[in-house]
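Undergrad: Attaching a single structure in structure tokens format; questions to follow.
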Amino acid sequence: MNTKSKIAIAAAATLLAGVAVASLPAAAHDRTSSSSSASVGHLEQDHAHATVSATITGIPTTVTSSHQASHGAYFTAYKLSASATAVPASEPSTGGKRIGVRPDRGAAEPVISGTTLTATLGFPADVAGTSKYALYPSDGTAAILVTVNVSDAGVATVTSSRALTVAYSATVAADHPVGPRDEAGHGKRDGHKGKGGKGHGPRR
């Protein structure tokens, strides 16, 4: 076997190994109380995440796109200890991250149906184990406990204490800053009551 053949074989082996690694977090199973689908995808810098179905209700007829609708509602997520069995009685004053209801990165934009939009929320899923979050809807309804379990094989399951639903608010929409980075995965914290921008996943 000549030198060129050895190089070609080595390159092919490296390529196949890369494909195998990339395909590991390719599927997840839904066990949410709201019958939402969960999947594993990638955030910026190839961070794996689990997505779960969430709904915005009460969208006015003047709002015609899912992008506009996502401006009018959000959840503020706070990471809890893995042993937590309930959300805090009162919303914490620090450590929160706003997450918006929007399509998963790379997915087709969902369509508003009547006055309702169903899309997804994203949660970090690149570390095996259990993570828990308290979600406080922007409409002031009861907080939701979300549990993300990631197996050693990289398969994620997401469960929630109730359906992930939040009502649209024109006031919330008016306060939403519009800019070029207003898309999934680009939220940032602002320090006010621990709430940040419209990101696609809770703080790690």
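Residue numbers start at 1 in each chain; chains themselves are named A, B, ... in the order of the structure tokens; ligands are numbered from 1 in the order shown.
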Asp152 of chain A: which residues within 9 Å, counting only C-alpha atoms, same-chain residues fewer than 4 positions away excluded, as a PDB file with N, CA and C atoms, in the first residue's frame?

TA:
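Dumped to result_25.pdb:
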ATOM      1  N   VAL A 127     -25.499  17.755  29.240  1.00  0.00           N
ATOM      2  CA  VAL A 127     -24.848  17.112  30.384  1.00  0.00           C
ATOM      3  C   VAL A 127     -25.803  16.048  30.929  1.00  0.00           C
ATOM      4  N   ALA A 128     -25.310  14.817  31.055  1.00  0.00           N
ATOM      5  CA  ALA A 128     -26.152  13.739  31.562  1.00  0.00           C
ATOM      6  C   ALA A 128     -26.574  14.030  33.002  1.00  0.00           C
ATOM      7  N   GLY A 129     -27.830  13.679  33.312  1.00  0.00           N
ATOM      8  CA  GLY A 129     -28.344  13.899  34.658  1.00  0.00           C
ATOM      9  C   GLY A 129     -29.678  14.612  34.625  1.00  0.00           C
TER      10      GLY A 129
END

Undergrad: Can you list, as a PyMOL selection string, all residues belonging to segment 37-110 of chain A that DSSP tags as strand (DSSP E)?

TA: chain A and resi 39-42+48-57+75-80+97-99

Undergrad: Those residues with N, CA and C atoms, as a PDB file, in the first residue's frame please?

TA:
ATOM      1  N   SER A  39     -37.295  17.070  21.805  1.00  0.00           N
ATOM      2  CA  SER A  39     -36.262  16.629  20.890  1.00  0.00           C
ATOM      3  C   SER A  39     -34.938  17.230  21.314  1.00  0.00           C
ATOM      4  N   VAL A  40     -33.867  16.686  20.773  1.00  0.00           N
ATOM      5  CA  VAL A  40     -32.552  17.219  21.074  1.00  0.00           C
ATOM      6  C   VAL A  40     -32.018  17.912  19.848  1.00  0.00           C
ATOM      7  N   GLY A  41     -31.571  19.161  20.029  1.00  0.00           N
ATOM      8  CA  GLY A  41     -31.002  19.909  18.923  1.00  0.00           C
ATOM      9  C   GLY A  41     -29.721  20.563  19.382  1.00  0.00           C
ATOM     10  N   HIS A  42     -29.329  21.640  18.711  1.00  0.00           N
ATOM     11  CA  HIS A  42     -28.104  22.325  19.082  1.00  0.00           C
ATOM     12  C   HIS A  42     -28.323  23.822  19.145  1.00  0.00           C
ATOM     13  N   ALA A  48     -26.094  21.037  23.054  1.00  0.00           N
ATOM     14  CA  ALA A  48     -27.325  20.278  22.865  1.00  0.00           C
ATOM     15  C   ALA A  48     -28.427  20.867  23.722  1.00  0.00           C
ATOM     16  N   HIS A  49     -29.659  20.781  23.255  1.00  0.00           N
ATOM     17  CA  HIS A  49     -30.780  21.242  24.059  1.00  0.00           C
ATOM     18  C   HIS A  49     -32.002  20.403  23.757  1.00  0.00           C
ATOM     19  N   ALA A  50     -32.891  20.320  24.732  1.00  0.00           N
ATOM     20  CA  ALA A  50     -34.157  19.625  24.567  1.00  0.00           C
ATOM     21  C   ALA A  50     -35.236  20.670  24.363  1.00  0.00           C
ATOM     22  N   THR A  51     -36.106  20.443  23.419  1.00  0.00           N
ATOM     23  CA  THR A  51     -37.203  21.383  23.187  1.00  0.00           C
ATOM     24  C   THR A  51     -38.529  20.725  23.539  1.00  0.00           C
ATOM     25  N   VAL A  52     -39.447  21.537  24.042  1.00  0.00           N
ATOM     26  CA  VAL A  52     -40.751  21.034  24.442  1.00  0.00           C
ATOM     27  C   VAL A  52     -41.819  22.020  23.971  1.00  0.00           C
ATOM     28  N   SER A  53     -42.958  21.499  23.599  1.00  0.00           N
ATOM     29  CA  SER A  53     -44.031  22.317  23.044  1.00  0.00           C
ATOM     30  C   SER A  53     -44.590  23.307  24.060  1.00  0.00           C
ATOM     31  N   ALA A  54     -44.854  24.533  23.595  1.00  0.00           N
ATOM     32  CA  ALA A  54     -45.437  25.583  24.438  1.00  0.00           C
ATOM     33  C   ALA A  54     -46.393  26.408  23.582  1.00  0.00           C
ATOM     34  N   THR A  55     -47.369  27.037  24.229  1.00  0.00           N
ATOM     35  CA  THR A  55     -48.438  27.717  23.489  1.00  0.00           C
ATOM     36  C   THR A  55     -48.676  29.133  23.988  1.00  0.00           C
ATOM     37  N   ILE A  56     -48.877  30.046  23.051  1.00  0.00           N
ATOM     38  CA  ILE A  56     -49.318  31.408  23.357  1.00  0.00           C
ATOM     39  C   ILE A  56     -50.789  31.494  22.962  1.00  0.00           C
ATOM     40  N   THR A  57     -51.636  31.955  23.873  1.00  0.00           N
ATOM     41  CA  THR A  57     -53.066  32.078  23.591  1.00  0.00           C
ATOM     42  C   THR A  57     -53.467  33.553  23.533  1.00  0.00           C
ATOM     43  N   PHE A  75     -41.732  33.170  29.215  1.00  0.00           N
ATOM     44  CA  PHE A  75     -41.586  32.555  30.532  1.00  0.00           C
ATOM     45  C   PHE A  75     -40.242  33.017  31.096  1.00  0.00           C
ATOM     46  N   THR A  76     -40.180  33.218  32.408  1.00  0.00           N
ATOM     47  CA  THR A  76     -38.896  33.486  33.047  1.00  0.00           C
ATOM     48  C   THR A  76     -38.493  32.218  33.782  1.00  0.00           C
ATOM     49  N   ALA A  77     -37.317  31.682  33.432  1.00  0.00           N
ATOM     50  CA  ALA A  77     -36.869  30.402  33.968  1.00  0.00           C
ATOM     51  C   ALA A  77     -35.780  30.596  35.023  1.00  0.00           C
ATOM     52  N   TYR A  78     -35.903  29.862  36.102  1.00  0.00           N
ATOM     53  CA  TYR A  78     -34.908  29.866  37.173  1.00  0.00           C
ATOM     54  C   TYR A  78     -34.463  28.423  37.395  1.00  0.00           C
ATOM     55  N   LYS A  79     -33.180  28.187  37.376  1.00  0.00           N
ATOM     56  CA  LYS A  79     -32.690  26.831  37.605  1.00  0.00           C
ATOM     57  C   LYS A  79     -32.787  26.497  39.085  1.00  0.00           C
ATOM     58  N   LEU A  80     -33.311  25.299  39.378  1.00  0.00           N
ATOM     59  CA  LEU A  80     -33.469  24.824  40.749  1.00  0.00           C
ATOM     60  C   LEU A  80     -32.480  23.700  41.021  1.00  0.00           C
ATOM     61  N   LYS A  97     -33.937  33.917  33.560  1.00  0.00           N
ATOM     62  CA  LYS A  97     -33.676  34.113  32.141  1.00  0.00           C
ATOM     63  C   LYS A  97     -34.990  34.003  31.380  1.00  0.00           C
ATOM     64  N   ARG A  98     -35.313  35.035  30.622  1.00  0.00           N
ATOM     65  CA  ARG A  98     -36.533  34.973  29.809  1.00  0.00           C
ATOM     66  C   ARG A  98     -36.330  34.020  28.642  1.00  0.00           C
ATOM     67  N   ILE A  99     -37.322  33.180  28.406  1.00  0.00           N
ATOM     68  CA  ILE A  99     -37.295  32.327  27.229  1.00  0.00           C
ATOM     69  C   ILE A  99     -38.609  32.504  26.481  1.00  0.00           C
TER      70      ILE A  99
END

Undergrad: Just want the 6 Å neighbourhood of Val148 of chain A, counted on only C-alpha atoms, with same-chain residues fewer than 3 positions away dropped. Output as a PyMOL selection string.

TA: chain A and resi 130-131+157-158

Undergrad: How would the residues just chosen look if you wrote them out with C-alpha atoms as a short mmCIF file (atom, residue, chain, number, x, y, z; two decimals), in the first residue's frame?

TA:
data_model
loop_
_atom_site.label_atom_id
_atom_site.label_comp_id
_atom_site.auth_asym_id
_atom_site.auth_seq_id
_atom_site.Cartn_x
_atom_site.Cartn_y
_atom_site.Cartn_z
CA THR A 130 -31.40 15.76 35.93
CA SER A 131 -31.99 19.51 35.77
CA THR A 157 -36.89 13.75 28.24
CA VAL A 158 -38.77 16.83 29.43
#

Undergrad: When you look at segment 170-175 of chain A with a cut-off of 9 Å (counting only C-alpha atoms), what residues show up, excluding the ones that are within fewer than 4 positions of it in the same chain? I need them as a CSV table (one decimal) with N, CA and C atoms, in the first residue's frame.

TA:
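Result went into out-v5.csv, see below:
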chain,number,residue,atom,x,y,z
A,60,PRO,N,-54.1,38.7,19.3
A,60,PRO,CA,-55.1,39.5,18.5
A,60,PRO,C,-55.0,39.3,17.0
A,68,GLN,N,-44.0,38.0,15.6
A,68,GLN,CA,-44.7,39.1,16.3
A,68,GLN,C,-45.3,38.5,17.6
A,69,ALA,N,-46.0,37.4,17.4
A,69,ALA,CA,-46.7,36.8,18.6
A,69,ALA,C,-45.7,36.5,19.7
A,70,SER,N,-44.5,36.0,19.4
A,70,SER,CA,-43.6,35.7,20.4
A,70,SER,C,-43.1,36.9,21.2
A,71,HIS,N,-43.3,38.1,20.7
A,71,HIS,CA,-43.0,39.3,21.4
A,71,HIS,C,-43.9,39.6,22.6
A,72,GLY,N,-45.1,39.0,22.5
A,72,GLY,CA,-46.2,39.3,23.5
A,72,GLY,C,-46.3,38.4,24.7
A,73,ALA,N,-45.4,37.4,24.8
A,73,ALA,CA,-45.4,36.5,25.9
A,73,ALA,C,-44.1,35.8,26.1
A,74,TYR,N,-43.8,35.4,27.3
A,74,TYR,CA,-42.6,34.7,27.6
A,74,TYR,C,-42.7,34.0,28.9
A,138,SER,N,-45.4,35.2,31.8
A,138,SER,CA,-45.5,36.6,31.8
A,138,SER,C,-46.9,37.1,32.1

Undergrad: For each of A:Leu121, A:Ala134, A:Val146, A:Val166, take the minimum atom-to-atom distance to Gly96 of chain A, counting only C-alpha atoms, then give the residue where this is smallest.

TA: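 Going through A:Leu121, A:Ala134, A:Val146, A:Val166 one by one, the smallest distance to Gly96 of chain A is for A:Ala134.
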